[in-house]
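Q: A single structure is presented below for examination.
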Amino acid sequence: MKKVLMPLVMVAVLAIIPYVAVEFGKQQYLFGVVIPYAAAVLFITGFIYRIVDWLRRPVPFRIPTTAGQEKSLDWIRRNPIESPHRAWEAAARVLSEVLFFRSLFRNTRAEQHKDTTLAYASDKWLWLGGLAFHWSLLVIVLRHARFFFVMVPGFSDFLDHADSFFDVTLPALYLSDALALAAVTFLVVRRFADAKVRLISLPTDYFPLFLIGGIVTVGILMRYVVRINIMPVKDQMLSLVNLSFAPPGEIGSLFYVHLFLVSVLLVYFPLSKLMHMGGIFLSPTRNLCNNSREKRHVNPWNYDIKFRTYSEYEDDFREKMKKAKLPVEKQ
Amino acid sequence: MRIKKMLLLIAVPVLMLFAVVAFFRQPGHAETAKAPPAPVAVDSTKCIAPAEYMRANHMQVLYAWRNSSVREGNRVYIAKNGSRFQKSLNTCLGCHSTNRLFCFNCHMYANVKPKCWNCHLSPMETP
């Protein structure tokens with residue numbers, strides 16, 4: 001219980017800090033300018049540090065996990081995606097992983113029945129929930145481009161239209177808002193519902209879920225419930241994008257809660273499991289070609305071993321071998 | 001088994017939330033049953049509130065006007081200083097439509113596009 005409540009309390013405290021500081025302490029400049037910049041700098045440097053660190057680790061051997069026939073003789077049908085042979089096949093596999101969570105689609109679940117038999121079955125719920133979660137977050141982030149550009153880019157406008165397709169409520173409900181909230185609820189409930197998952201879940205699993213849930217909730221409150229004035233928000237975001245240190249205008253405290261939680265997320269990002277965003281591209285079990293039989297991969301830190309071939313051996317001992325009547329290859 | 005439990009865990013609170021919201025929003029619950037006040041004519045000679053307030057809060061005002069006038073039939077707005085206005089876009093646009101870009105200057109900049117003009121005539125379209 002503690003490992004659920006602690007992150008929950010942490011997120012609640014993190015949400016209250018900017019509210020109190022802005023409402024009663026008039027700390028608009030700190031929370032509207034200083035902290036977002038600091039968070040952005042920490043996020044970018046931290047992200048690059050992590051990726052460069054991982055890129056520098058040598059990967060001497062091919063260790064792709066395969067689930068299909070590798071390239072062999074011509075008349076054996078091979079599986080290019082499950083056992084990639086060329087770089088573009090491996091790239092296709094990584095992309096299908098990133099965009100559609102391919103390996104999670106194969107997720108299975110073990111369950112003990114009443115008569116103590118163990119049964120395995122396909123379990124697509126995590127795949128579906130994860131897909132809804134990640135895609136709706138992506139759409140939400142891309143939609144936010146309307147705050148960062150004076151001329152709103154076309155993709156953001158398009159997403160805006162598609163996302164508010166059903167045009168219910170005023171302002172029109174974004175499907176991705178509802179989906180993100182439902183998906184994050186599912187992902188939290190999933191960790192409670194099963195004893196095995198509950199056992200292996202850590203505070204670091206709950207914290208990002210609660211944090212993202214908090215960000216989404218505050219965003220929804222700003223748009224649909226409080227209906228904050230968006231003009232100073234856009235002014236402020238444009239000024240941040242232009243690297244200006246101008247003080248923010250008259251914006252509701254709820255906006256600072258949203259911005260501060262996003263800043264926390266940015267700082268937390270490189271320090272946490274959220275780095276799977278960059279790490280998935282570097283996972284050697286996914287991004288390597290399965291071509292060990294075709295190409296010799298030499299471990300780069302091997303000693304320079306002096307090999308002695310048989311022909312060299314024979315050159316040294318030919319005369320002695322002849323005397324001892326041993327067969328030699330060269331006379 | 002587990003999926004059923006999970007669906008229940010999600011569905012029950014959501015349904016309860018819906019039930020509570022539906023209960024409080026049912027017509028007649030919140031003292032709206034009394035007869036609406038006498039109608040007033042459209043008067044665009046003065047603003048219903050200071051410009052500074054309207055700039056930041058016109059969306060809340062229009063949202064409240066839409067709900068109370070269309071759904072509850074109460075078309076009279078009593079301003080802070082006691083003067084009465086008809087809850088109608090015509091009250092606003094009687095004066096503000098002199099500037100064709102009155103709405104659009106800011107709404108284009110902030111990229112906020114409520115669907116007012118699907119039904120109403122926008123200042124762009126008025127002759």
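Chain labels A, B, ... are given in the sequence in which chains occur in the structure tokens; within each chain residues are numbered consecutively from 1, and ligands are likewise numbered from 1 in the order shown.
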Please build the interface table for chain B against chain A with a cut-off of 8 Å, listing for each qualifying residue the nearest atom pair and the distance in Å to one decimal; count only C-alpha atoms, order rows by chain and increasing number, and write it as CSV.
A:
residue,atom,partner,partner_atom,distance
B:Arg2,CA,A:Ala193,CA,6.7
B:Lys5,CA,A:Ala193,CA,7.2
B:Met6,CA,A:Ala193,CA,6.2
B:Leu9,CA,A:Val189,CA,7.5
B:Ile10,CA,A:Phe186,CA,7.5
B:Ala56,CA,A:Asn229,CA,5.2
B:Asn57,CA,A:Asn229,CA,6.8
B:Met59,CA,A:Arg227,CA,7.0
B:Gln60,CA,A:Arg227,CA,6.7
B:Tyr63,CA,A:Leu170,CA,7.7
B:Cys106,CA,A:Met231,CA,7.3
B:Tyr109,CA,A:Val150,CA,6.8
B:Ala110,CA,A:Met231,CA,6.1
B:Asn111,CA,A:Arg146,CA,6.7
B:Pro114,CA,A:Pro171,CA,6.0
Q: Would you put the residues from that selection into a file with C-alpha atoms, as a compact mmCIF listing (two decimals), in the first residue's frame?
A:
# COMPACT_ATOMS: atom_id res chain seq x y z
CA ARG B 2 -9.02 -10.77 -13.89
CA LYS B 5 -12.62 -7.58 -12.17
CA MET B 6 -10.68 -4.81 -13.88
CA LEU B 9 -13.16 -1.57 -11.16
CA ILE B 10 -13.28 0.98 -13.98
CA ALA B 56 -10.53 37.05 -19.76
CA ASN B 57 -13.96 35.59 -18.98
CA MET B 59 -16.11 32.17 -22.58
CA GLN B 60 -17.50 31.44 -19.13
CA TYR B 63 -21.22 29.22 -21.78
CA CYS B 106 -7.43 36.84 -30.83
CA TYR B 109 -3.76 33.92 -32.67
CA ALA B 110 -4.71 31.46 -29.91
CA ASN B 111 -6.08 28.98 -32.47
CA PRO B 114 -15.49 27.21 -30.98
Q: Taking the chain letters and numbering used in this document, name the residues of stretch 125-306 of chain A that DSSP puts in alpha helix (DSSP H), as an NGL selection string.
A: :A and (125-143 or 145-148 or 154-163 or 175-193 or 195-200 or 203-220 or 231-241 or 253-268 or 276-279 or 284-287)
Q: For A:Tyr256, which of A:Ile63, A:Leu238, A:Ala183, A:Met222 is the closest residue, counting only C-alpha atoms?
A: A:Met222
Q: Find the residues around A:Lys3 up to 12 Å (only C-alpha atoms counted), leave out those fewer than 6 positions away in its own chain, and share them as a list of chain:residue names.
A: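 Here the qualifying residues turn out to be A:Val9, A:Met10, A:Arg191, A:Phe192, A:Arg198, A:Leu199, A:Ile200, A:Ser201, A:Leu202, A:Pro203, A:Thr204, A:Asp205, A:Tyr206, A:Phe207.
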Q: For A:Tyr19, please output as a PyMOL selection string all residues within 7 Å (counting only C-alpha atoms; exclusion window: fewer than 2 positions along the same chain).
A: chain A and resi 15-17+21-23+253-254+256-257
Q: Could you state the separation of atom CA of B:Met124 and atom CA of B:Leu101 in Å, given to one decimal place?
A: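 Separation of atom CA of B:Met124 and atom CA of B:Leu101: 7.0 Å.
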Q: One number please: atom CA of B:Ser97 to atom CA of B:Cys116, in Å, one decimal.
A: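 Between atom CA of B:Ser97 and atom CA of B:Cys116 the gap works out to 14.3 Å.
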Q: Residues of chain B classed as strand (DSSP E) by DSSP on the backbone are to be reported as a list in words.
A: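 The strand (DSSP E) subset of chain B is Val76, Tyr77, Ile78, Arg84, Phe85 and Gln86 of chain B.
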Q: Using only C-alpha atoms, which residues sit within 7 Å of stretch 36-49 of chain B once same-chain residues fewer than 3 positions away are excluded, as a PyMOL selection string?
A: chain B and resi 53-54+73-76+79+85-86+90-92+94-95
Q: For atom CA of A:Ile51 and atom CA of A:Leu8, determine how far apart the two atoms are, in Å to one decimal place.
A: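 Interatomic distance here is 29.5 Å.
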Q: May I have the residues within 10 Å of A:Ile48 as a PyMOL selection string, using only C-alpha atoms and disregarding those fewer than 6 positions away in the same chain?
A: chain A and resi 42+54+270+278
Q: Write to file, as a PDB file, in the first residue's frame, the residues of the selection just made, with N, CA and C atoms.
A:
ATOM      1  N   LEU A  42      17.736  20.541 -18.339  1.00  0.00           N
ATOM      2  CA  LEU A  42      18.044  19.256 -17.705  1.00  0.00           C
ATOM      3  C   LEU A  42      17.551  18.091 -18.554  1.00  0.00           C
ATOM      4  N   TRP A  54      24.763   5.151 -23.828  1.00  0.00           N
ATOM      5  CA  TRP A  54      24.361   3.840 -24.369  1.00  0.00           C
ATOM      6  C   TRP A  54      24.996   3.565 -25.719  1.00  0.00           C
ATOM      7  N   PRO A 270      14.987  11.697 -17.851  1.00  0.00           N
ATOM      8  CA  PRO A 270      16.257  10.996 -18.077  1.00  0.00           C
ATOM      9  C   PRO A 270      16.694  10.151 -16.892  1.00  0.00           C
ATOM     10  N   GLY A 278      13.962   6.635 -25.697  1.00  0.00           N
ATOM     11  CA  GLY A 278      15.152   6.603 -26.530  1.00  0.00           C
ATOM     12  C   GLY A 278      15.773   5.217 -26.572  1.00  0.00           C
TER      13      GLY A 278
END
Q: Write out as number ranges by chain which residues come within 9 Å of A:Pro84 when counting only C-alpha atoms, dropping same-chain ones fewer than 6 positions away.
A: A: 64, 66, 70-71, 90-93, 287-291
Q: Which of these, B:Arg84, B:Arg71, B:Ile78, B:Thr126, has the shortest distance to B:Asn99 once you count only C-alpha atoms?
A: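 Once distances to B:Asn99 are computed over only C-alpha atoms, the minimum belongs to B:Thr126.
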